[in-house]
file data.cif (mmCIF, C-alpha atoms)
data_upload
loop_
_atom_site.label_atom_id
_atom_site.label_comp_id
_atom_site.auth_asym_id
_atom_site.auth_seq_id
_atom_site.Cartn_x
_atom_site.Cartn_y
_atom_site.Cartn_z
CA MET A 124 92.34 90.04 193.08
CA ALA A 125 89.92 87.11 193.30
CA PHE A 126 89.72 83.94 191.26
CA ILE A 127 87.03 84.15 188.57
CA ASP A 128 85.00 81.03 187.83
CA TYR A 129 84.53 81.28 184.06
CA TYR A 130 82.48 78.08 183.96
CA LYS A 131 80.03 79.54 186.44
CA ILE A 132 79.80 82.77 184.44
CA LEU A 133 78.79 80.83 181.33
CA GLY A 134 76.59 78.47 183.36
CA ILE A 135 78.36 75.32 182.18
CA ASP A 136 80.34 72.59 183.90
CA LYS A 137 83.98 71.73 183.48
CA ALA A 138 83.22 68.88 181.11
CA ALA A 139 81.48 71.18 178.61
CA THR A 140 82.42 70.57 175.00
CA PRO A 141 83.62 73.49 172.81
CA LYS A 142 80.15 73.53 171.22
CA MET A 143 78.52 73.81 174.64
CA VAL A 144 80.87 76.70 175.50
CA LYS A 145 79.98 78.42 172.24
CA ASP A 146 76.24 77.88 172.68
CA ALA A 147 76.27 79.09 176.29
CA TYR A 148 78.28 82.12 175.33
CA ARG A 149 76.06 83.07 172.40
CA LYS A 150 72.95 82.66 174.47
CA LEU A 151 74.27 85.01 177.16
CA ALA A 152 75.76 87.41 174.62
CA ARG A 153 72.39 87.82 172.96
CA LYS A 154 71.10 88.91 176.33
CA PHE A 155 73.91 91.25 177.38
CA HIS A 156 75.66 92.44 174.22
CA PRO A 157 76.08 96.26 174.28
CA ASP A 158 74.56 96.46 170.79
CA LEU A 159 71.34 95.09 172.24
CA ASN A 160 71.52 97.07 175.49
CA PRO A 161 72.39 100.64 174.59
CA ASN A 162 73.37 102.86 177.54
CA ASN A 163 73.11 99.97 179.99
CA ALA A 164 76.19 99.85 182.21
CA ASP A 165 75.08 96.66 184.01
CA ALA A 166 74.64 94.78 180.74
CA LYS A 167 78.02 96.03 179.56
CA ALA A 168 79.70 94.77 182.74
CA ASN A 169 77.98 91.39 182.36
CA PHE A 170 78.98 91.21 178.73
CA GLN A 171 82.60 91.91 179.57
CA GLN A 172 82.55 89.03 182.04
CA ILE A 173 81.04 86.53 179.63
CA ASN A 174 83.31 87.72 176.83
CA GLU A 175 86.29 87.15 179.06
CA ALA A 176 84.99 83.71 180.05
CA ASN A 177 84.57 82.84 176.39
CA GLU A 178 87.99 84.21 175.53
CA VAL A 179 89.47 81.67 177.91
CA LEU A 180 87.17 78.67 177.54
CA SER A 181 86.92 78.75 173.75
CA ASP A 182 90.68 78.81 173.33
CA PRO A 183 92.00 75.28 173.95
CA GLU A 184 95.35 76.50 175.20
CA LYS A 185 93.96 79.12 177.55
CA ARG A 186 91.34 76.70 178.81
CA LYS A 187 93.97 74.08 179.50
CA LYS A 188 96.02 76.56 181.47
CA TYR A 189 92.97 77.81 183.32
CA ASP A 190 91.86 74.25 184.17
CA GLN A 191 95.35 73.28 185.18
CA TYR A 192 95.92 76.06 187.66
CA GLY A 193 92.38 76.92 188.69
CA THR A 194 92.33 78.56 192.08
CA ASP A 195 96.14 78.34 192.18
CA TRP A 196 96.28 80.78 189.29
CA GLN A 197 98.63 83.08 191.21
CA TYR A 198 101.40 80.56 190.64
CA ALA A 199 100.58 80.02 186.98
CA GLU A 200 103.12 82.50 185.69
CA GLU A 201 105.87 80.99 187.78
CA PHE A 202 105.03 77.47 186.55
CA GLU A 203 104.81 78.69 182.99
CA LYS A 204 108.26 80.27 183.11
CA GLN A 205 109.72 77.04 184.32
CA LYS A 206 107.89 75.14 181.60
CA GLN A 207 109.04 77.52 178.90
CA GLN A 208 112.62 77.03 179.92
CA GLN A 209 112.14 73.32 179.31
CA SER A 210 110.41 73.53 175.98
CA GLN A 211 109.38 76.22 173.58
CA SER A 212 105.71 75.89 172.79
CA SER A 213 103.81 77.68 170.08
CA ARG A 214 100.66 79.58 170.88
CA SER A 215 97.59 78.82 168.88
CA ARG A 216 94.95 81.39 168.11
CA GLY A 217 91.40 80.50 168.82
CA GLY A 218 88.56 82.21 170.53
CA GLY A 219 86.33 84.14 168.25
CA GLY A 220 85.23 86.60 170.88
CA PHE A 221 82.72 89.32 170.25
CA SER A 222 83.99 92.63 169.09
CA GLY A 223 81.12 94.81 170.20
CA GLY A 224 82.74 97.45 172.29
CA GLN A 225 85.31 95.09 173.73
CA SER A 226 88.91 96.19 173.90
CA ALA A 227 92.02 94.87 175.54
CA GLY A 228 91.52 97.14 178.51
CA ASP A 229 88.17 95.50 179.28
CA PHE A 230 89.62 92.32 180.72
CA SER A 231 89.80 91.72 184.44
CA ASP A 232 93.01 91.91 186.45
CA PHE A 233 92.65 88.16 186.95
CA PHE A 234 92.66 87.61 183.19
CA GLU A 235 95.58 89.99 182.62
CA SER A 236 97.54 88.30 185.36
CA MET A 237 96.98 84.81 184.01
CA PHE A 238 97.06 85.39 180.26
CA GLY A 239 98.82 88.72 179.85
CA GLY A 240 97.35 91.50 177.66
CA GLY A 241 93.69 90.86 176.92
CA GLY A 242 92.06 89.77 173.70
CA GLY A 243 94.13 88.48 170.88
CA GLY A 244 91.87 85.53 170.28
CA ARG A 245 89.87 87.00 167.43
CA SER A 246 89.36 84.48 164.69
CA ARG A 247 88.69 87.14 162.07
CA GLN A 248 91.61 89.48 161.52
CA ALA A 249 89.34 92.40 160.75
CA LYS A 250 89.90 96.03 161.62
CA TYR A 251 88.00 96.72 164.81
CA ARG A 252 86.70 100.06 165.83
CA GLY A 253 87.75 101.09 169.32
CA GLU A 254 85.37 101.01 172.24
CA ASP A 255 82.96 103.88 172.75
CA TYR A 256 83.50 105.63 176.06
CA THR A 257 80.78 107.29 178.07
CA THR A 258 81.08 109.90 180.75
CA GLU A 259 78.84 112.35 182.58
CA ILE A 260 79.27 116.06 183.18
CA HIS A 261 77.36 117.76 185.96
CA LEU A 262 76.51 121.40 185.42
CA GLU A 263 74.71 123.97 187.48
CA LEU A 264 71.84 125.58 185.59
CA LEU A 265 73.70 128.87 185.27
CA GLU A 266 76.80 127.08 183.95
CA ALA A 267 74.69 125.71 181.11
CA TYR A 268 73.56 129.27 180.34
CA LYS A 269 76.85 130.30 178.76
CA THR A 270 79.10 128.59 176.23
CA HIS A 271 82.22 127.57 178.08
CA LYS A 272 85.17 125.20 177.92
CA GLN A 273 85.90 122.30 180.24
CA THR A 274 88.76 119.86 180.44
CA LEU A 275 87.83 116.22 180.85
CA SER A 276 90.08 113.40 181.83
CA VAL A 277 89.19 110.27 179.89
CA ASN A 278 91.38 107.20 180.37
CA GLY A 279 94.32 109.36 181.37
CA ASN A 280 93.96 111.74 178.44
CA ASN A 281 92.87 115.32 178.93
CA ILE A 282 90.32 116.52 176.41
CA ARG A 283 89.29 120.16 176.25
CA ILE A 284 85.74 120.51 175.06
CA THR A 285 83.45 123.42 174.37
CA ILE A 286 80.05 123.11 175.99
CA PRO A 287 77.55 125.14 173.99
CA ALA A 288 75.10 127.33 175.88
CA GLY A 289 71.66 125.78 176.27
CA VAL A 290 72.76 122.19 176.73
CA GLU A 291 69.86 120.16 178.16
CA ASN A 292 69.65 117.89 181.17
CA GLY A 293 70.10 114.34 179.88
CA GLN A 294 71.46 115.49 176.52
CA ILE A 295 74.18 113.32 175.04
CA ILE A 296 76.87 114.72 172.78
CA LYS A 297 79.38 112.70 170.81
CA ILE A 298 83.05 113.59 170.56
CA ALA A 299 84.17 111.56 167.57
CA GLY A 300 87.42 109.64 167.80
CA HIS A 301 88.00 110.18 171.53
CA GLY A 302 86.96 106.67 172.57
CA GLY A 303 89.14 103.58 172.78
CA GLN A 304 91.85 102.93 170.25
CA GLY A 305 90.89 100.77 167.28
CA SER A 306 92.68 97.48 166.68
CA ASN A 307 94.35 96.22 163.50
CA GLY A 308 94.24 99.79 162.15
CA GLY A 309 90.53 100.23 162.85
CA PRO A 310 89.21 103.67 163.77
CA ASN A 311 89.03 104.94 167.34
CA GLY A 312 85.74 104.76 169.18
CA ASP A 313 83.78 107.83 170.18
CA LEU A 314 83.27 109.56 173.48
CA TYR A 315 79.67 110.09 174.56
CA ILE A 316 79.07 112.76 177.18
CA THR A 317 75.79 112.87 179.06
CA PHE A 318 74.96 116.19 180.68
CA SER A 319 73.29 116.39 184.03
CA VAL A 320 72.03 119.91 184.60
CA ALA A 321 70.95 120.60 188.17
CA ASN A 322 67.75 122.33 189.14
CA HIS A 323 68.04 125.93 190.29
CA SER A 324 66.45 127.34 193.43
CA THR A 325 64.89 130.30 191.59
CA PHE A 326 64.50 129.17 187.99
CA LYS A 327 62.99 126.00 186.61
CA ARG A 328 63.74 125.11 183.03
CA LEU A 329 61.91 123.36 180.25
CA GLY A 330 63.80 123.43 176.97
CA SER A 331 64.78 127.04 176.43
CA ASN A 332 62.02 128.46 178.61
CA LEU A 333 62.52 129.39 182.24
CA PHE A 334 59.87 129.49 184.92
CA THR A 335 59.91 131.32 188.21
CA THR A 336 57.46 132.32 190.92
CA VAL A 337 57.42 135.86 192.28
CA ASP A 338 55.74 136.84 195.56
CA LEU A 339 53.35 139.76 195.24
CA ASP A 340 51.97 141.61 198.23
CA ILE A 341 48.20 141.92 198.31
CA TYR A 342 48.26 145.71 198.02
CA THR A 343 50.26 145.71 194.77
CA ALA A 344 48.08 142.87 193.50
CA VAL A 345 44.91 144.86 194.21
CA LEU A 346 46.03 148.37 193.36
CA GLY A 347 48.76 147.66 190.79
CA GLY A 348 52.29 149.00 190.91
CA GLU A 349 55.85 148.28 189.96
CA ILE A 350 58.04 145.44 191.16
CA THR A 351 61.61 144.29 190.52
CA VAL A 352 62.15 140.67 189.50
CA ASP A 353 65.27 138.59 188.98
CA THR A 354 66.20 137.23 185.57
CA VAL A 355 69.36 135.27 184.78
CA GLU A 356 70.91 138.41 183.29
CA GLY A 357 69.95 140.67 186.21
CA LYS A 358 66.98 142.51 187.65
CA VAL A 359 64.17 143.95 185.58
CA LYS A 360 61.29 146.24 186.54
CA LEU A 361 57.77 145.06 185.85
CA LYS A 362 54.47 146.87 185.95
CA VAL A 363 51.76 144.98 187.79
CA LYS A 364 48.21 145.56 186.61
CA PRO A 365 45.60 146.44 189.24
CA GLU A 366 43.47 143.48 190.43
CA THR A 367 46.10 140.91 189.52
CA GLN A 368 44.94 137.47 190.62
CA ASN A 369 47.02 134.88 192.45
CA GLY A 370 48.61 132.53 189.88
CA THR A 371 48.60 135.10 187.08
CA LYS A 372 51.36 134.35 184.58
CA VAL A 373 53.45 136.94 182.79
CA ASN A 374 55.74 136.09 179.90
CA LEU A 375 59.04 137.94 179.47
CA LYS A 376 60.06 137.31 175.89
CA GLY A 377 63.72 136.54 175.30
CA LYS A 378 64.59 136.46 179.01
CA GLY A 379 64.74 132.68 179.19
CA PHE A 380 67.51 130.22 178.36
CA PRO A 381 69.73 130.29 175.25
CA VAL A 382 68.50 128.04 172.44
CA TYR A 383 71.08 125.26 171.95
CA LYS A 384 73.42 126.02 169.05
CA ASN A 385 71.34 129.03 167.96
CA ASP A 386 73.46 132.02 168.86
CA GLY A 387 71.52 135.03 170.08
CA GLN A 388 68.22 133.17 170.41
CA PHE A 389 66.64 132.88 173.81
CA GLY A 390 63.50 131.33 175.19
CA ASP A 391 61.06 133.13 177.45
CA LEU A 392 60.90 133.63 181.20
CA GLN A 393 57.46 132.88 182.56
CA ILE A 394 56.66 134.52 185.88
CA THR A 395 53.85 133.25 188.08
CA TYR A 396 52.60 135.67 190.71
CA SER A 397 52.03 134.28 194.17
CA VAL A 398 49.89 136.78 196.06
CA LYS A 399 50.79 136.84 199.75
CA VAL A 400 48.14 137.58 202.36
CA PRO A 401 49.38 139.74 205.25
CA THR A 402 49.67 138.19 208.70
CA ASN A 403 49.85 139.62 212.24
CA LEU A 404 47.41 142.42 211.42
CA THR A 405 46.74 145.09 213.99
CA GLU A 406 43.18 145.73 215.16
CA LYS A 407 43.07 148.85 213.04
CA GLN A 408 44.18 146.98 209.93
CA LYS A 409 41.58 144.28 210.54
CA THR A 410 38.94 146.97 210.84
CA LEU A 411 40.03 148.45 207.54
CA PHE A 412 39.76 145.06 205.84
CA GLU A 413 36.30 144.61 207.35
CA GLU A 414 35.31 147.97 205.94
CA ILE A 415 36.43 146.84 202.52
CA ARG A 416 34.49 143.58 202.88
CA ASN A 417 31.35 145.36 203.95
CA SER A 418 31.64 147.76 201.05
CA LEU A 419 31.69 144.96 198.45
CA MET B 245 76.58 120.38 149.04
CA LYS B 246 77.52 117.74 151.62
CA THR B 247 80.29 115.39 150.55
CA LYS B 248 79.34 111.72 150.66
CA TYR B 249 82.04 109.28 151.67
CA LEU B 250 81.56 105.90 150.07
CA ILE B 251 83.08 102.62 151.15
CA PRO B 252 83.44 99.84 148.56
CA ILE B 253 81.42 96.83 149.67
CA ASP B 254 84.13 94.49 148.46
CA ASP B 255 86.65 96.19 150.76
CA PHE B 256 84.26 96.09 153.69
CA CYS B 257 83.60 92.38 153.15
CA ALA B 258 87.30 91.60 152.74
CA ASN B 259 88.12 93.50 155.93
CA HIS B 260 85.44 91.74 157.92
CA ASN B 261 85.89 88.41 156.20
CA ILE B 262 82.22 88.16 155.34
CA ASP B 263 80.22 87.22 152.30
CA VAL B 264 79.00 89.94 149.92
CA SER B 265 75.64 88.17 149.72
CA PHE B 266 75.02 89.15 153.35
CA ILE B 267 75.24 92.84 152.43
CA SER B 268 72.86 92.24 149.51
CA SER B 269 70.39 90.55 151.86
CA LEU B 270 70.55 93.54 154.22
CA GLU B 271 69.79 95.83 151.30
CA GLN B 272 66.87 93.66 150.19
CA THR B 273 65.32 93.88 153.66
CA GLY B 274 65.78 97.66 153.60
CA LEU B 275 68.21 97.73 156.51
CA ILE B 276 70.95 99.45 154.53
CA GLU B 277 71.22 101.30 151.25
CA ILE B 278 73.76 100.48 148.59
CA THR B 279 75.01 103.02 146.07
CA THR B 280 76.01 101.52 142.74
CA ILE B 281 78.62 103.26 140.62
CA GLU B 282 79.81 101.58 137.44
CA GLU B 283 78.51 98.21 138.62
CA SER B 284 80.41 98.42 141.92
CA GLY B 285 78.51 98.57 145.20
CA PHE B 286 79.29 101.13 147.90
CA ILE B 287 77.84 102.04 151.26
CA GLU B 288 77.81 105.53 152.67
CA ALA B 289 80.23 106.06 155.56
CA ASP B 290 77.46 107.14 157.91
CA GLN B 291 75.91 103.66 157.57
CA LEU B 292 79.14 102.00 158.61
CA LEU B 293 78.43 101.74 162.35
CA GLN B 294 75.00 100.31 161.69
CA LEU B 295 76.38 97.83 159.18
CA GLU B 296 79.09 96.69 161.59
CA LYS B 297 76.39 96.16 164.17
CA TYR B 298 74.44 93.94 161.73
CA VAL B 299 77.62 91.98 161.04
CA ARG B 300 78.00 91.34 164.76
CA PHE B 301 74.36 90.32 165.07
CA TYR B 302 74.64 87.87 162.19
CA TYR B 303 78.11 86.41 162.46
CA GLU B 304 78.77 86.63 166.16
CA MET B 305 75.36 86.27 167.75
CA ASP B 306 73.81 83.93 165.19
CA ILE B 307 70.83 86.25 164.70
CA ASN B 308 69.25 85.67 161.31
CA LEU B 309 68.02 88.41 158.99
CA GLU B 310 64.46 88.33 160.30
CA GLY B 311 65.88 88.63 163.81
CA ILE B 312 68.07 91.56 162.78
CA GLU B 313 65.04 93.33 161.34
CA THR B 314 63.08 92.79 164.54
CA VAL B 315 65.97 93.78 166.81
CA SER B 316 66.62 96.93 164.78
CA TYR B 317 63.00 97.93 164.98
CA LEU B 318 62.90 97.37 168.73
CA LEU B 319 66.20 99.21 169.29
CA GLN B 320 64.82 102.14 167.33
CA LYS B 321 61.73 102.04 169.50
CA ILE B 322 63.84 101.94 172.68
CA LYS B 323 65.79 104.96 171.44
CA MET B 324 62.60 106.92 170.83
CA LEU B 325 61.21 105.94 174.22
CA GLN B 326 64.46 106.98 175.91
CA ILE B 327 64.21 110.40 174.25
CA GLU B 328 60.59 110.70 175.33
CA LEU B 329 61.49 109.59 178.86
CA GLY B 330 64.22 112.24 179.01
CA MET B 331 61.79 114.93 177.90
CA LEU B 332 59.18 113.82 180.42
CA SER B 333 61.76 113.70 183.23
CA ASN B 334 62.78 117.27 182.43
CA ARG B 335 59.12 118.32 182.42
CA LEU B 336 58.56 116.59 185.76
CA ARG B 337 61.42 118.59 187.28
CA LEU B 338 59.26 121.69 186.79
CA TYR B 339 56.86 120.41 189.41
CA GLU B 340 59.38 118.91 191.80
CA SER B 341 60.44 120.82 194.86
CA GLU B 342 64.15 121.16 195.56
#

call {"tool": "encode", "arguments": {"input": "data.cif", "output": "structure tokens"}}
result
Amino acid sequence: MAFIDYYKILGIDKAATPKMVKDAYRKLARKFHPDLNPNNADAKANFQQINEANEVLSDPEKRKKYDQYGTDWQYAEEFEKQKQQQSQSSRSRGGGGFSGGQSAGDFSDFFESMFGGGGGGRSRQAKYRGEDYTTEIHLELLEAYKTHKQTLSVNGNNIRITIPAGVENGQIIKIAGHGGQGSNGGPNGDLYITFSVANHSTFKRLGSNLFTTVDLDIYTAVLGGEITVDTVEGKVKLKVKPETQNGTKVNLKGKGFPVYKNDGQFGDLQITYSVKVPTNLTEKQKTLFEEIRNSL
Amino acid sequence: MKTKYLIPIDDFCANHNIDVSFISSLEQTGLIEITTIEESGFIEADQLLQLEKYVRFYYEMDINLEGIETVSYLLQKIKMLQIELGMLSNRLRLYESE
């Protein structure tokens, strides 16, 4: 656990007045506050640092302790115990830290070690909503095809959630009340889950429609015929019209992906034919192709 | 019919230790809507998160009302762009090889 230079974090020197601390803090908070930087983990981490710095430097007692022990902070607790035995001192409340998404658990180990449980320096005794948590769930494409349940571990708590079929890559769902605990009787925060749905080797997806490419031999493309193609639910037989061109698209209605939260509704599967030209032809085969060419 | 949960503005202000006039100013700028029942002001529960955000902007970040309006507009714009970006990324995946 390393020493944290709170003055450096706020960009002020040790002689800074309380007003300078406040100004520096507000300036940085306007830049990094989670309310102003939604879904930005870097900004959130920065904000937690400056909030912690403010928590210490805006509270005269904490600042005094911090200044007193500085890099020797490891011994602070020991010194404090000795001091407390000599005289009982009362703790003042100061601070006025930001509440946006900050909870006791957001303070560094350094802070916890020096000042005990985080926070506590709020000047307004309001009810604070708990912190919103975010997490990511990775799914294979075919996992997102069916409604299923998953158990998540969030801050040591197991939460069993139902993932509806058709969830999109990048989609965020909110599980209300499963974020951080509120303070002073405030409500719990929410849990935001971002889904990352992987690409599939056979099927590409856009919304509820699926796309796939099917190889077609030149003879079936020219003369027509019947082929078997893969869909998510299994194989289906398809009639190929004679003289089918390379790149021809065929739409299989209802064979695509489930429509999110619309039971029984499915998108389409669009098949693109890729006509394959034969290779390693025998002399006889080449002659036959030449005959065809000459006949056209 | 959907049930509306209303929070008395006086209670909200007492809990957050803020002035009622701030809520009135937010309403005047169109940032929140107030429901009045028998001369008492209420806000709908689904506006609560937004309102708490405005309180933080104003009281903790020293952002004035004009600033809150601007920030809200820009945050809304960011949200829309993020949605559009997500849709475009998904569309791009169609053309990407594995």

call {"tool": "resolve_selection", "arguments": {"input": "data.cif", "expression": "the PyMOL selection byres ((chain B) within 8 of (chain A))", "output": "VMD selection string"}}
result
chain B and resid 259 to 261 297 300 304 to 306 315 319 330 334 to 335 337 to 338 342

call {"tool": "residues_around", "arguments": {"input": "data.cif", "residues": "Asp290 in chain B", "least_positions_apart": "2", "cutoff": "9 Å", "atoms": "only C-alpha atoms", "output": "VMD selection string"}}
result
chain B and resid 248 to 250 287 to 288 292 to 294

call {"tool": "atom_distance", "arguments": {"input": "data.cif", "atom1": "CA of Tyr396 in chain A", "atom2": "CA of Val373 in chain A"}}
result
8.1 Å

call {"tool": "atom_distance", "arguments": {"input": "data.cif", "atom1": "CA of Pro252 in chain B", "atom2": "CA of Thr273 in chain B"}}
result
19.7 Å

call {"tool": "closest_residue", "arguments": {"input": "data.cif", "among": "B:Ile253, B:Asp263, B:Leu275, B:Thr247", "to": "Ile312 in chain B", "atoms": "all atoms listed in the file"}}
result
B:Leu275

call {"tool": "atom_distance", "arguments": {"input": "data.cif", "atom1": "CA of Ile296 in chain A", "atom2": "CA of Thr317 in chain A"}}
result
6.6 Å

call {"tool": "closest_residue", "arguments": {"input": "data.cif", "among": "B:Ser316, B:Gln291, B:Asn308, B:Gln326", "to": "Ile278 in chain B", "atoms": "only C-alpha atoms"}}
result
B:Gln291

call {"tool": "decode", "arguments": {"input": "data.cif", "residues": "range 253-276 of chain B", "atoms": "C-alpha atoms", "output": "PDB file, in the first residue's frame"}}
result
ATOM      1  CA  ILE B 253     -41.142  18.723  -2.646  1.00  0.00           C
ATOM      2  CA  ASP B 254     -40.999  19.919   0.940  1.00  0.00           C
ATOM      3  CA  ASP B 255     -39.831  16.470   2.058  1.00  0.00           C
ATOM      4  CA  PHE B 256     -37.261  16.288  -0.713  1.00  0.00           C
ATOM      5  CA  CYS B 257     -35.891  19.718   0.201  1.00  0.00           C
ATOM      6  CA  ALA B 258     -35.819  18.899   3.906  1.00  0.00           C
ATOM      7  CA  ASN B 259     -33.988  15.636   3.232  1.00  0.00           C
ATOM      8  CA  HIS B 260     -31.413  17.291   1.027  1.00  0.00           C
ATOM      9  CA  ASN B 261     -31.251  20.472   3.059  1.00  0.00           C
ATOM     10  CA  ILE B 262     -31.908  22.644   0.036  1.00  0.00           C
ATOM     11  CA  ASP B 263     -34.096  25.603  -0.736  1.00  0.00           C
ATOM     12  CA  VAL B 264     -37.526  25.059  -2.312  1.00  0.00           C
ATOM     13  CA  SER B 265     -36.849  27.992  -4.637  1.00  0.00           C
ATOM     14  CA  PHE B 266     -34.191  25.886  -6.371  1.00  0.00           C
ATOM     15  CA  ILE B 267     -36.826  23.305  -7.345  1.00  0.00           C
ATOM     16  CA  SER B 268     -39.085  26.109  -8.604  1.00  0.00           C
ATOM     17  CA  SER B 269     -36.225  27.460 -10.727  1.00  0.00           C
ATOM     18  CA  LEU B 270     -35.668  24.008 -12.226  1.00  0.00           C
ATOM     19  CA  GLU B 271     -39.341  23.838 -13.111  1.00  0.00           C
ATOM     20  CA  GLN B 272     -39.258  27.295 -14.689  1.00  0.00           C
ATOM     21  CA  THR B 273     -36.376  26.258 -16.939  1.00  0.00           C
ATOM     22  CA  GLY B 274     -38.303  23.127 -17.915  1.00  0.00           C
ATOM     23  CA  LEU B 275     -35.787  20.722 -16.407  1.00  0.00           C
ATOM     24  CA  ILE B 276     -38.339  19.061 -14.134  1.00  0.00           C
TER      25      ILE B 276
END
